[in-house]
file data.txt (compact mmCIF, C-alpha atoms)
# COMPACT_ATOMS: atom_id res chain seq x y z
CA MET Z 1 10.95 24.74 3.83
CA ILE Z 2 11.43 20.96 3.74
CA PRO Z 3 8.26 19.64 2.05
CA LEU Z 4 6.81 16.12 2.22
CA MET Z 5 8.22 15.64 -1.28
CA LYS Z 6 10.38 17.77 -3.55
CA ASN Z 7 9.89 16.17 -6.95
CA ALA Z 8 7.18 14.26 -8.76
CA PHE Z 9 9.66 11.64 -9.99
CA LEU Z 10 12.94 9.97 -9.19
CA ASN Z 11 15.58 11.52 -11.48
CA GLU Z 12 13.14 14.34 -12.17
CA VAL Z 13 14.76 16.11 -15.13
CA GLU Z 14 15.56 12.92 -17.03
CA THR Z 15 12.06 11.55 -16.42
CA ARG Z 16 10.21 14.71 -17.48
CA LYS Z 17 12.21 14.94 -20.71
CA ALA Z 18 11.55 11.28 -21.48
CA LEU Z 19 7.84 11.69 -20.71
CA ALA Z 20 7.54 14.74 -22.96
CA ASP Z 21 9.20 12.86 -25.80
CA PHE Z 22 6.92 9.86 -25.23
CA ILE Z 23 3.75 11.97 -25.37
CA LEU Z 24 4.91 13.92 -28.43
CA ASN Z 25 6.03 10.89 -30.42
CA GLY Z 26 4.08 7.96 -29.01
CA GLY Z 27 1.03 6.48 -30.61
CA ARG Z 28 -1.77 5.08 -28.51
CA LEU Z 29 -2.00 6.53 -24.98
CA SER Z 30 -4.78 4.31 -23.59
CA MET Z 31 -3.77 1.04 -21.91
CA ASP Z 32 -1.50 -0.94 -24.21
CA ARG Z 33 1.98 -2.47 -24.52
CA ASN Z 34 3.79 -0.29 -21.98
CA CYS Z 35 1.24 -1.19 -19.31
CA PHE Z 36 1.53 -4.90 -20.03
CA GLU Z 37 5.33 -4.74 -20.05
CA PHE Z 38 5.33 -2.85 -16.74
CA GLU Z 39 3.14 -5.60 -15.26
CA ARG Z 40 5.57 -8.27 -16.42
CA VAL Z 41 8.69 -6.47 -15.19
CA PHE Z 42 7.15 -5.46 -11.86
CA ALA Z 43 6.00 -9.02 -11.13
CA GLY Z 44 9.55 -10.21 -11.78
CA LYS Z 45 11.00 -7.47 -9.60
CA GLN Z 46 8.65 -8.29 -6.73
CA GLY Z 47 9.16 -12.03 -7.20
CA ARG Z 48 5.52 -12.95 -7.84
CA LYS Z 49 3.91 -14.78 -10.73
CA ASP Z 50 1.56 -12.02 -11.87
CA ALA Z 51 0.94 -8.30 -11.57
CA VAL Z 52 -2.14 -6.35 -12.68
CA LEU Z 53 -1.85 -2.58 -13.21
CA PHE Z 54 -4.57 -0.14 -12.08
CA ASN Z 55 -5.16 3.60 -12.21
CA SER Z 56 -4.46 3.95 -8.46
CA GLY Z 57 -3.57 2.02 -5.33
CA GLY Z 58 -7.04 2.71 -3.97
CA SER Z 59 -8.60 1.16 -7.07
CA ALA Z 60 -6.29 -1.83 -6.63
CA ASN Z 61 -7.61 -2.38 -3.10
CA LEU Z 62 -11.24 -2.16 -4.20
CA ALA Z 63 -10.59 -4.47 -7.15
CA ILE Z 64 -9.06 -7.15 -4.90
CA LEU Z 65 -12.22 -7.39 -2.82
CA GLN Z 66 -14.52 -7.24 -5.86
CA ALA Z 67 -12.52 -10.02 -7.53
CA LEU Z 68 -12.68 -12.22 -4.44
CA LYS Z 69 -16.45 -11.64 -4.26
CA ASN Z 70 -16.85 -12.48 -7.93
CA MET Z 71 -14.94 -15.71 -7.29
CA GLU Z 72 -17.21 -16.42 -4.29
CA ILE Z 73 -14.18 -16.62 -2.01
CA LEU Z 74 -15.60 -13.69 -0.03
CA LYS Z 75 -19.28 -12.75 0.29
CA ASP Z 76 -21.62 -10.13 1.73
CA ASN Z 77 -21.43 -9.71 5.52
CA ASP Z 78 -18.08 -11.50 5.83
CA ASN Z 79 -15.93 -10.13 8.64
CA ILE Z 80 -12.76 -8.58 7.24
CA GLY Z 81 -10.00 -7.69 9.67
CA PHE Z 82 -7.83 -4.69 8.91
CA SER Z 83 -4.94 -2.81 10.53
CA ALA Z 84 -6.35 -0.03 12.70
CA LEU Z 85 -3.51 2.33 11.73
CA THR Z 86 -4.19 2.65 8.04
CA TRP Z 87 -5.48 4.75 5.17
CA SER Z 88 -9.09 5.23 4.10
CA THR Z 89 -8.66 3.24 0.88
CA ASN Z 90 -7.78 0.14 2.86
CA THR Z 91 -10.99 0.30 4.91
CA MET Z 92 -13.60 1.94 2.68
CA PRO Z 93 -13.59 -0.94 0.13
CA VAL Z 94 -14.63 -3.35 2.89
CA ILE Z 95 -17.70 -1.21 3.57
CA GLN Z 96 -18.35 -0.57 -0.13
CA MET Z 97 -18.29 -4.33 -0.82
CA GLY Z 98 -20.98 -4.97 1.81
CA MET Z 99 -18.63 -6.62 4.28
CA ASN Z 100 -17.99 -5.94 7.95
CA PRO Z 101 -14.72 -4.18 8.85
CA VAL Z 102 -13.08 -5.47 12.04
CA ALA Z 103 -10.26 -3.32 13.40
CA ILE Z 104 -7.07 -5.09 14.53
CA ASP Z 105 -4.89 -3.12 16.94
CA CYS Z 106 -1.29 -2.07 16.27
CA GLU Z 107 1.93 -2.21 18.24
CA PRO Z 108 3.31 1.34 18.70
CA SER Z 109 6.93 0.18 18.54
CA THR Z 110 6.44 -1.37 15.07
CA LEU Z 111 3.53 0.83 13.84
CA ASN Z 112 1.84 -2.38 12.69
CA SER Z 113 -0.57 -5.12 13.62
CA MET Z 114 1.27 -8.12 15.07
CA SER Z 115 0.32 -11.78 15.19
CA TYR Z 116 -0.69 -11.49 18.85
CA HIS Z 117 -3.19 -8.76 17.96
CA LEU Z 118 -4.75 -11.00 15.32
CA SER Z 119 -4.73 -13.96 17.70
CA GLU Z 120 -6.67 -12.00 20.30
CA ARG Z 121 -9.22 -10.69 17.80
CA ILE Z 122 -10.08 -14.09 16.31
CA LYS Z 123 -10.98 -15.27 19.81
CA GLN Z 124 -13.76 -12.66 19.68
CA VAL Z 125 -14.91 -12.79 16.06
CA LYS Z 126 -14.53 -15.14 13.12
CA LEU Z 127 -12.65 -13.49 10.24
CA SER Z 128 -12.83 -14.43 6.57
CA ALA Z 129 -9.88 -12.24 5.61
CA PHE Z 130 -7.26 -9.95 7.10
CA PHE Z 131 -6.38 -6.88 5.00
CA ILE Z 132 -3.15 -5.79 6.65
CA THR Z 133 -1.38 -2.46 6.05
CA ASN Z 134 2.41 -2.39 6.07
CA ALA Z 135 2.54 1.09 7.57
CA LEU Z 136 5.11 3.68 6.47
CA GLY Z 137 7.55 1.04 5.24
CA PHE Z 138 7.57 -0.90 8.51
CA THR Z 139 5.83 -4.26 8.99
CA GLY Z 140 4.59 -6.59 11.67
CA ASP Z 141 5.73 -10.20 12.02
CA LEU Z 142 4.28 -11.11 8.63
CA ASP Z 143 5.56 -14.69 8.64
CA GLU Z 144 3.77 -15.42 11.91
CA ILE Z 145 0.67 -13.57 10.73
CA LYS Z 146 0.63 -15.67 7.56
CA ASN Z 147 0.95 -18.89 9.55
CA LEU Z 148 -1.86 -17.83 11.86
CA CYS Z 149 -4.09 -16.98 8.90
CA ASP Z 150 -3.33 -20.32 7.22
CA ARG Z 151 -4.18 -22.27 10.38
CA ASN Z 152 -7.49 -20.43 10.79
CA GLY Z 153 -8.66 -20.31 7.18
CA ILE Z 154 -8.22 -16.54 6.96
CA ILE Z 155 -7.30 -15.00 3.60
CA LEU Z 156 -4.33 -12.65 4.04
CA ILE Z 157 -4.22 -9.55 1.82
CA GLU Z 158 -1.44 -6.96 2.08
CA ASP Z 159 -1.73 -3.25 1.45
CA ASN Z 160 1.94 -2.69 0.62
CA CYS Z 161 1.42 0.80 -0.81
CA GLU Z 162 3.76 2.36 1.80
CA ALA Z 163 6.36 -0.42 1.96
CA LEU Z 164 7.60 -1.06 -1.58
CA GLY Z 165 11.18 -2.31 -1.29
CA THR Z 166 11.04 -3.38 2.35
CA GLU Z 167 12.49 -6.84 2.94
CA LEU Z 168 12.18 -9.17 5.92
CA LYS Z 169 14.33 -12.14 6.81
CA SER Z 170 11.45 -14.30 5.59
CA GLY Z 171 10.81 -12.43 2.31
CA LYS Z 172 9.71 -9.16 0.72
CA SER Z 173 6.79 -7.24 2.13
CA GLY Z 174 3.92 -7.71 -0.27
CA ASN Z 175 4.73 -11.40 -0.79
CA PHE Z 176 3.02 -12.95 2.23
CA GLY Z 177 -0.65 -12.67 1.23
CA LEU Z 178 -2.85 -14.11 -1.49
CA ALA Z 179 -2.65 -10.66 -3.06
CA SER Z 180 -0.91 -7.38 -2.32
CA SER Z 181 -1.50 -3.82 -3.49
CA PHE Z 182 1.02 -1.11 -4.37
CA SER Z 183 0.67 2.60 -5.05
CA PHE Z 184 2.64 4.78 -7.47
CA PHE Z 185 1.14 8.10 -6.43
CA VAL Z 186 3.58 11.01 -6.56
CA ALA Z 187 4.59 10.92 -2.88
CA HIS Z 188 5.36 7.20 -2.88
CA HIS Z 189 8.53 5.18 -3.44
CA MET Z 190 8.16 5.52 -7.20
CA SER Z 191 5.75 7.70 -9.12
CA THR Z 192 3.62 7.23 -12.21
CA ILE Z 193 1.64 10.35 -11.14
CA GLU Z 194 -1.34 8.13 -10.35
CA GLY Z 195 -1.21 4.35 -10.52
CA GLY Z 196 -1.38 1.12 -8.57
CA MET Z 197 -0.63 -2.58 -8.88
CA VAL Z 198 -1.85 -5.88 -7.49
CA CYS Z 199 0.57 -8.80 -7.24
CA THR Z 200 -0.46 -12.42 -6.75
CA ASP Z 201 0.70 -15.97 -7.43
CA ASN Z 202 -2.88 -17.11 -8.07
CA GLU Z 203 -3.64 -17.27 -11.80
CA GLU Z 204 -7.42 -17.33 -11.36
CA LEU Z 205 -7.33 -14.24 -9.16
CA ALA Z 206 -5.12 -12.39 -11.65
CA GLU Z 207 -7.58 -13.35 -14.39
CA MET Z 208 -10.53 -12.04 -12.40
CA LEU Z 209 -8.66 -8.84 -11.52
CA ARG Z 210 -8.27 -8.13 -15.24
CA ILE Z 211 -11.99 -8.68 -15.71
CA VAL Z 212 -12.78 -6.38 -12.77
CA ARG Z 213 -10.37 -3.71 -14.02
CA ALA Z 214 -12.09 -3.29 -17.36
CA ASN Z 215 -15.88 -3.26 -17.00
CA GLY Z 216 -16.24 -7.02 -16.58
CA TRP Z 217 -15.19 -8.02 -20.09
CA ASP Z 218 -12.42 -10.34 -21.30
CA ARG Z 219 -10.42 -8.13 -23.68
CA ASN Z 220 -7.24 -8.20 -21.59
CA LEU Z 221 -7.21 -11.94 -20.94
CA ASN Z 222 -5.03 -14.33 -22.90
CA ALA Z 223 -6.56 -16.46 -25.67
CA ARG Z 224 -6.91 -19.54 -23.47
CA GLN Z 225 -8.73 -17.60 -20.78
CA GLN Z 226 -10.98 -15.87 -23.29
CA LEU Z 227 -11.95 -19.21 -24.80
CA LYS Z 228 -12.86 -20.56 -21.37
CA TRP Z 229 -15.15 -17.62 -20.55
CA ARG Z 230 -16.77 -17.51 -23.98
CA LYS Z 231 -17.39 -21.24 -24.10
CA SER Z 232 -18.92 -21.38 -20.61
CA ASN Z 233 -21.23 -18.45 -21.48
CA ASN Z 234 -22.15 -19.58 -25.01
CA ILE Z 235 -20.47 -16.63 -26.72
CA ASN Z 236 -19.81 -17.94 -30.20
CA SER Z 237 -18.25 -15.04 -32.06
CA GLU Z 238 -15.61 -12.35 -31.65
CA PHE Z 239 -18.27 -9.83 -32.62
CA GLU Z 240 -20.48 -10.76 -29.64
CA ALA Z 241 -17.52 -10.99 -27.30
CA LYS Z 242 -16.60 -7.33 -27.83
CA TYR Z 243 -19.50 -6.24 -25.64
CA THR Z 244 -20.00 -9.22 -23.38
CA PHE Z 245 -19.64 -8.56 -19.63
CA TYR Z 246 -19.03 -11.64 -17.51
CA ASP Z 247 -18.97 -10.32 -13.96
CA LEU Z 248 -19.03 -7.16 -11.86
CA GLY Z 249 -16.28 -4.68 -12.63
CA PHE Z 250 -15.20 -1.06 -12.85
CA ASN Z 251 -13.24 1.13 -15.22
CA PHE Z 252 -9.95 1.13 -13.34
CA ARG Z 253 -7.70 1.02 -16.39
CA PRO Z 254 -4.38 2.89 -16.37
CA THR Z 255 -2.99 4.79 -19.35
CA GLU Z 256 0.15 4.16 -21.37
CA ILE Z 257 1.68 7.10 -19.50
CA THR Z 258 1.40 4.99 -16.33
CA GLY Z 259 3.11 2.05 -17.98
CA PHE Z 260 5.85 4.17 -19.54
CA LEU Z 261 6.65 5.97 -16.29
CA GLY Z 262 6.53 2.74 -14.30
CA LEU Z 263 9.14 1.08 -16.49
CA LEU Z 264 11.36 4.15 -16.26
CA GLN Z 265 10.99 4.75 -12.52
CA LEU Z 266 11.51 1.09 -11.66
CA LYS Z 267 15.14 1.44 -12.76
CA PHE Z 268 15.79 3.82 -9.86
CA LEU Z 269 13.85 1.95 -7.17
CA ASP Z 270 16.67 -0.02 -5.50
CA GLU Z 271 18.84 3.05 -5.02
CA ASN Z 272 15.82 4.98 -3.72
CA SER Z 273 15.01 2.29 -1.12
CA LYS Z 274 18.58 2.23 0.17
CA THR Z 275 18.65 6.02 0.46
CA ARG Z 276 15.37 6.04 2.35
CA GLU Z 277 16.78 3.48 4.79
CA LYS Z 278 19.97 5.51 5.23
CA ASN Z 279 17.98 8.67 5.92
CA TYR Z 280 15.80 6.97 8.49
CA LEU Z 281 18.71 5.32 10.31
CA CYS Z 282 20.30 8.76 10.56
CA ILE Z 283 17.36 10.18 12.50
CA GLU Z 284 17.04 6.95 14.49
CA ASN Z 285 20.50 7.54 15.93
CA ILE Z 286 19.18 10.78 17.45
CA VAL Z 287 15.92 9.21 18.64
CA LYS Z 288 17.86 6.53 20.55
CA LYS Z 289 19.45 9.28 22.66
CA ASN Z 290 16.15 10.96 23.49
CA ASP Z 291 14.00 9.33 26.20
CA GLU Z 292 11.02 11.50 25.19
CA LEU Z 293 10.71 9.54 21.93
CA LEU Z 294 9.86 5.92 21.19
CA VAL Z 295 12.50 3.90 19.32
CA LEU Z 296 10.79 1.86 16.61
CA LYS Z 297 11.66 -1.83 16.28
CA HIS Z 298 12.68 -3.28 12.95
CA ASP Z 299 15.12 -6.07 13.82
CA HIS Z 300 13.01 -8.52 11.77
CA ILE Z 301 13.50 -6.29 8.70
CA THR Z 302 16.65 -6.55 6.57
CA LEU Z 303 15.92 -3.60 4.25
CA LEU Z 304 13.78 -0.79 5.66
CA SER Z 305 12.35 1.13 2.71
CA THR Z 306 10.56 3.75 4.75
CA PHE Z 307 7.73 5.76 3.21
CA ALA Z 308 8.38 8.66 5.57
CA MET Z 309 10.18 9.62 8.80
CA PRO Z 310 7.82 8.58 11.62
CA VAL Z 311 8.23 10.18 15.03
CA VAL Z 312 6.42 8.69 18.04
CA CYS Z 313 6.45 10.74 21.25
CA LYS Z 314 5.71 9.35 24.69
CA SER Z 315 2.80 11.70 25.44
CA PRO Z 316 0.45 14.06 23.59
CA GLN Z 317 2.12 16.99 25.36
CA LEU Z 318 5.51 15.93 24.02
CA ARG Z 319 4.03 15.59 20.54
CA ASP Z 320 2.86 19.19 20.75
CA LYS Z 321 6.40 20.18 21.66
CA TYR Z 322 7.99 18.36 18.73
CA LEU Z 323 5.30 19.46 16.30
CA SER Z 324 6.22 23.04 17.20
CA GLN Z 325 9.92 22.35 16.68
CA PHE Z 326 9.34 20.79 13.27
CA SER Z 327 6.90 23.48 12.13
CA GLY Z 328 9.18 26.20 13.39
CA ALA Z 329 12.04 24.77 11.35
CA GLY Z 330 9.92 24.83 8.18
CA ILE Z 331 9.47 21.05 7.98
CA GLU Z 332 6.15 19.89 6.54
CA ILE Z 333 4.52 17.30 8.78
CA ARG Z 334 1.47 15.02 8.80
CA PRO Z 335 -0.55 12.98 11.34
CA MET Z 336 0.33 9.30 11.70
CA ILE Z 337 -1.52 8.23 8.53
CA ALA Z 338 -5.25 8.35 9.44
CA GLY Z 339 -4.56 7.49 13.07
CA ASN Z 340 -7.05 5.17 14.73
CA ILE Z 341 -9.37 4.73 11.76
CA GLN Z 342 -12.33 4.17 14.09
CA GLU Z 343 -12.13 7.90 14.92
CA GLN Z 344 -12.72 8.94 11.31
CA PRO Z 345 -16.17 10.40 10.47
CA PHE Z 346 -16.93 7.92 7.68
CA TYR Z 347 -16.16 4.98 9.96
CA LYS Z 348 -18.44 6.18 12.73
CA LYS Z 349 -21.20 6.70 10.18
CA TYR Z 350 -21.15 3.22 8.65
CA VAL Z 351 -19.70 0.85 11.26
CA LYS Z 352 -21.57 0.02 14.44
CA ARG Z 353 -19.17 -2.29 16.27
CA LEU Z 354 -16.05 -0.60 17.62
CA TYR Z 355 -13.13 -2.17 19.45
CA ASP Z 356 -10.69 -1.12 22.14
CA LEU Z 357 -7.48 -0.17 20.32
CA PRO Z 358 -4.91 1.12 22.82
CA GLY Z 359 -1.96 0.82 20.43
CA ALA Z 360 -3.69 2.67 17.59
CA ASP Z 361 -4.89 5.30 20.07
CA TYR Z 362 -1.32 5.79 21.28
CA LEU Z 363 -0.06 6.36 17.73
CA HIS Z 364 -3.07 8.56 16.94
CA LYS Z 365 -2.31 10.89 19.85
CA ASN Z 366 1.48 10.72 19.98
CA GLY Z 367 2.74 10.24 16.41
CA PHE Z 368 3.47 12.26 13.28
CA TYR Z 369 5.81 12.08 10.31
CA CYS Z 370 7.81 14.15 7.86
CA GLY Z 371 8.95 13.32 4.35
CA ASN Z 372 11.72 10.93 3.33
CA TYR Z 373 13.11 10.90 -0.20
CA PRO Z 374 16.46 10.83 -2.04
CA GLU Z 375 16.50 14.58 -2.68
CA LEU Z 376 16.93 15.40 1.01
CA THR Z 377 20.26 17.22 1.29
CA GLU Z 378 22.78 17.04 4.10
CA THR Z 379 21.47 20.40 5.29
CA ASP Z 380 17.90 19.07 5.22
CA MET Z 381 18.92 16.08 7.32
CA GLU Z 382 20.71 18.32 9.81
CA THR Z 383 17.56 20.44 10.12
CA ILE Z 384 15.36 17.37 10.73
CA THR Z 385 17.72 15.79 13.26
CA SER Z 386 18.13 19.09 15.11
CA CYS Z 387 14.38 19.00 15.85
CA LEU Z 388 14.71 15.61 17.53
CA PHE Z 389 17.15 16.56 20.26
CA LYS Z 390 15.84 16.85 23.80
CA TYR Z 391 16.16 20.45 24.87
call {"tool": "encode", "arguments": {"input": "data.txt", "output": "structure tokens"}}
result
Amino acid sequence: MIPLMKNAFLNEVETRKALADFILNGGRLSMDRNCFEFERVFAGKQGRKDAVLFNSGGSANLAILQALKNMEILKDNDNIGFSALTWSTNTMPVIQMGMNPVAIDCEPSTLNSMSYHLSERIKQVKLSAFFITNALGFTGDLDEIKNLCDRNGIILIEDNCEALGTELKSGKSGNFGLASSFSFFVAHHMSTIEGGMVCTDNEELAEMLRIVRANGWDRNLNARQQLKWRKSNNINSEFEAKYTFYDLGFNFRPTEITGFLGLLQLKFLDENSKTREKNYLCIENIVKKNDELLVLKHDHITLLSTFAMPVVCKSPQLRDKYLSQFSGAGIEIRPMIAGNIQEQPFYKKYVKRLYDLPGADYLHKNGFYCGNYPELTETDMETITSCLFKY
């Protein structure tokens, strides 16, 4: 069988040995120096001013919206656009924060929302923010989307959990919005078992994210920031400050295990991204010769760090055919993320206004994916590609 993933970590044996040694010989395991160092190194790697580490990518998404509410940049009942082809943790936080989710359609040939989708939607409804998902390592025209958001006063936020390492001609995915989230769950580009990150160039947002992450207190702020909060709230002693809570927050703190693994796994990320691109381009060569399958566009992308191997068929009947071929070959497969999110039970329960989403519907009915990771052997790749031929 070819599973969605073979190992929990990049360089599995080396990483497990190092982790065992760290746990046996390390001191404090709650959030500490390794977490803070991982934040610093990851921000530098991504090319952003600040990074804030969380216990998961889902927590990171929720924290972004809570932080923006705390800062009064977003408020209750604001309309928040989001990519219709996405994951639950990109959409549920909008509902949980008392805002109105507004689905933005996707282009089947890129898997992503494009600027023309956003342009059409804002003719119908005023958006305060657009929480875009860079799906499966692919992206839309993020530079045009950013320009459109800037012109219309829309805050752009990127869920980059599936696209770590992807680069466009105009910059890295995850660097176009006010903030971007990343996931380090075991099946992602790099694993800390559980874990997530938010990157931003906005110092005040990073400060608020650290408050949100840890119950609403100031313990993880620098001395200058702590002084500002304590002075403005008449907190006159370190003793009082220990249990002073300045704004709404959660306990989304990571552990030192997360920080340690992040620093270790980050060393292997570049090679991993290149291997993922190589694997995908290998199957793309077969897809181009098969008129039953849709060739995905990525000419605006210079490094395609794919999360998985997406396959888009030209009809539901053809999808059934290729699902059978993949399953019969022992290849583990999944639906195209959560498909058209409007079809999910939770969405129908909480959201009243639905939109026509032909692109997301197409991907929902015609798409699926299998795993992509460095451990795929030549034999594995031959098995996958053999299922993509037109018979």
call {"tool": "closest_atom_pairs", "arguments": {"input": "data.txt", "of": "stretch 261-338 of chain Z", "to": "stretch 157-163 of chain Z", "cutoff": "12 Å", "atoms": "only C-alpha atoms", "output": "Markdown table"}}
result
| residue | atom | partner | partner_atom | distance |
| --- | --- | --- | --- | --- |
| Z:Ser273 | CA | Z:Ala163 | CA | 9.6 |
| Z:Arg276 | CA | Z:Ala163 | CA | 11.1 |
| Z:Glu277 | CA | Z:Ala163 | CA | 11.5 |
| Z:Ile301 | CA | Z:Ala163 | CA | 11.4 |
| Z:Leu303 | CA | Z:Ala163 | CA | 10.3 |
| Z:Leu304 | CA | Z:Ala163 | CA | 8.3 |
| Z:Ser305 | CA | Z:Ala163 | CA | 6.2 |
| Z:Thr306 | CA | Z:Ala163 | CA | 6.5 |
| Z:Phe307 | CA | Z:Glu162 | CA | 5.4 |
| Z:Ala308 | CA | Z:Glu162 | CA | 8.7 |
| Z:Met309 | CA | Z:Glu162 | CA | 12.0 |
| Z:Ile337 | CA | Z:Glu162 | CA | 10.4 |
call {"tool": "atom_distance", "arguments": {"input": "data.txt", "atom1": "atom CA of Z:Phe82", "atom2": "atom CA of Z:Gly165"}}
result
21.7 Å
call {"tool": "closest_residue", "arguments": {"input": "data.txt", "among": "Z:Gln46, Z:Asn7, Z:Asn77, Z:Thr302", "to": "Z:Asn100", "atoms": "all atoms listed in the file"}}
result
Z:Asn77
call {"tool": "closest_residue", "arguments": {"input": "data.txt", "among": "Z:Val351, Z:Met71, Z:Ala18, Z:Leu263", "to": "Z:Tyr246", "atoms": "all atoms listed in the file"}}
result
Z:Met71
call {"tool": "atom_distance", "arguments": {"input": "data.txt", "atom1": "atom CA of Z:Leu318", "atom2": "atom CA of Z:Tyr362"}}
result
12.5 Å
call {"tool": "residues_around", "arguments": {"input": "data.txt", "residues": "stretch 39-42 of chain Z", "least_positions_apart": "6", "cutoff": "10 Å", "atoms": "only C-alpha atoms", "output": "list in words"}}
result
Arg33, Arg48, Lys49, Asp50, Ala51, Val52, Leu53, Phe54, Met197, Val198, Cys199, Gly259, Gly262, Leu263 and Leu266 of chain Z
call {"tool": "closest_residue", "arguments": {"input": "data.txt", "among": "Z:Leu118, Z:Ile155, Z:Leu269, Z:Leu111", "to": "Z:Phe368", "atoms": "all atoms listed in the file"}}
result
Z:Leu111
call {"tool": "atom_distance", "arguments": {"input": "data.txt", "atom1": "atom CA of Z:Tyr373", "atom2": "atom CA of Z:Glu167"}}
result
18.0 Å
call {"tool": "closest_residue", "arguments": {"input": "data.txt", "among": "Z:Gly98, Z:Pro93, Z:Gly58, Z:Pro310", "to": "Z:Asp76", "atoms": "all atoms listed in the file"}}
result
Z:Gly98
call {"tool": "closest_residue", "arguments": {"input": "data.txt", "among": "Z:Met114, Z:Cys370, Z:Ala241, Z:Ala8", "to": "Z:Ile283", "atoms": "only C-alpha atoms"}}
result
Z:Cys370
call {"tool": "closest_residue", "arguments": {"input": "data.txt", "among": "Z:Gly153, Z:Ser315, Z:Lys321, Z:Leu178", "to": "Z:Tyr391", "atoms": "all atoms listed in the file"}}
result
Z:Lys321
call {"tool": "residues_around", "arguments": {"input": "data.txt", "residues": "Z:Met381", "least_positions_apart": "6", "cutoff": "12 Å", "atoms": "all atoms listed in the file", "output": "mmCIF file with C-alpha atoms, in the frame of the given file"}}
result
data_model
loop_
_atom_site.group_PDB
_atom_site.id
_atom_site.type_symbol
_atom_site.label_atom_id
_atom_site.label_comp_id
_atom_site.auth_asym_id
_atom_site.auth_seq_id
_atom_site.Cartn_x
_atom_site.Cartn_y
_atom_site.Cartn_z
ATOM 1 C CA ILE Z 2 11.430 20.960 3.740
ATOM 2 C CA ARG Z 276 15.370 6.040 2.350
ATOM 3 C CA LYS Z 278 19.970 5.510 5.230
ATOM 4 C CA ASN Z 279 17.980 8.670 5.920
ATOM 5 C CA TYR Z 280 15.800 6.970 8.490
ATOM 6 C CA LEU Z 281 18.710 5.320 10.310
ATOM 7 C CA CYS Z 282 20.300 8.760 10.560
ATOM 8 C CA ILE Z 283 17.360 10.180 12.500
ATOM 9 C CA GLU Z 284 17.040 6.950 14.490
ATOM 10 C CA ILE Z 286 19.180 10.780 17.450
ATOM 11 C CA MET Z 309 10.180 9.620 8.800
ATOM 12 C CA ALA Z 329 12.040 24.770 11.350
ATOM 13 C CA ILE Z 331 9.470 21.050 7.980
ATOM 14 C CA CYS Z 370 7.810 14.150 7.860
ATOM 15 C CA GLY Z 371 8.950 13.320 4.350
ATOM 16 C CA ASN Z 372 11.720 10.930 3.330
ATOM 17 C CA TYR Z 373 13.110 10.900 -0.200
ATOM 18 C CA PRO Z 374 16.460 10.830 -2.040
ATOM 19 C CA GLU Z 375 16.500 14.580 -2.680
ATOM 20 C CA CYS Z 387 14.380 19.000 15.850
ATOM 21 C CA LEU Z 388 14.710 15.610 17.530
#
call {"tool": "residues_around", "arguments": {"input": "data.txt", "residues": "stretch 227-232 of chain Z", "least_positions_apart": "5", "cutoff": "12 Å", "atoms": "all atoms listed in the file", "output": "PyMOL selection string"}}
result
chain Z and resi 204+207-208+211+216-219+221-222+237-247
call {"tool": "residues_near_point", "arguments": {"input": "data.txt", "point": "(8.9, 13.9, 18.4)", "cutoff": "12 Å", "atoms": "all atoms listed in the file", "output": "ChimeraX atom specification"}}
result
/Z:283-284,286-288,290-295,309-327,333,335-336,363,365-370,384-391
call {"tool": "write_last_selection", "arguments": {"input": "data.txt", "atoms": "C-alpha atoms", "output": "CSV table (one decimal), in the coordinates of the input"}}
result
chain,number,residue,atom,x,y,z
Z,283,ILE,CA,17.4,10.2,12.5
Z,284,GLU,CA,17.0,7.0,14.5
Z,286,ILE,CA,19.2,10.8,17.4
Z,287,VAL,CA,15.9,9.2,18.6
Z,288,LYS,CA,17.9,6.5,20.6
Z,290,ASN,CA,16.2,11.0,23.5
Z,291,ASP,CA,14.0,9.3,26.2
Z,292,GLU,CA,11.0,11.5,25.2
Z,293,LEU,CA,10.7,9.5,21.9
Z,294,LEU,CA,9.9,5.9,21.2
Z,295,VAL,CA,12.5,3.9,19.3
Z,309,MET,CA,10.2,9.6,8.8
Z,310,PRO,CA,7.8,8.6,11.6
Z,311,VAL,CA,8.2,10.2,15.0
Z,312,VAL,CA,6.4,8.7,18.0
Z,313,CYS,CA,6.4,10.7,21.2
Z,314,LYS,CA,5.7,9.4,24.7
Z,315,SER,CA,2.8,11.7,25.4
Z,316,PRO,CA,0.4,14.1,23.6
Z,317,GLN,CA,2.1,17.0,25.4
Z,318,LEU,CA,5.5,15.9,24.0
Z,319,ARG,CA,4.0,15.6,20.5
Z,320,ASP,CA,2.9,19.2,20.8
Z,321,LYS,CA,6.4,20.2,21.7
Z,322,TYR,CA,8.0,18.4,18.7
Z,323,LEU,CA,5.3,19.5,16.3
Z,324,SER,CA,6.2,23.0,17.2
Z,325,GLN,CA,9.9,22.4,16.7
Z,326,PHE,CA,9.3,20.8,13.3
Z,327,SER,CA,6.9,23.5,12.1
Z,333,ILE,CA,4.5,17.3,8.8
Z,335,PRO,CA,-0.6,13.0,11.3
Z,336,MET,CA,0.3,9.3,11.7
Z,363,LEU,CA,-0.1,6.4,17.7
Z,365,LYS,CA,-2.3,10.9,19.8
Z,366,ASN,CA,1.5,10.7,20.0
Z,367,GLY,CA,2.7,10.2,16.4
Z,368,PHE,CA,3.5,12.3,13.3
Z,369,TYR,CA,5.8,12.1,10.3
Z,370,CYS,CA,7.8,14.2,7.9
Z,384,ILE,CA,15.4,17.4,10.7
Z,385,THR,CA,17.7,15.8,13.3
Z,386,SER,CA,18.1,19.1,15.1
Z,387,CYS,CA,14.4,19.0,15.8
Z,388,LEU,CA,14.7,15.6,17.5
Z,389,PHE,CA,17.2,16.6,20.3
Z,390,LYS,CA,15.8,16.8,23.8
Z,391,TYR,CA,16.2,20.4,24.9
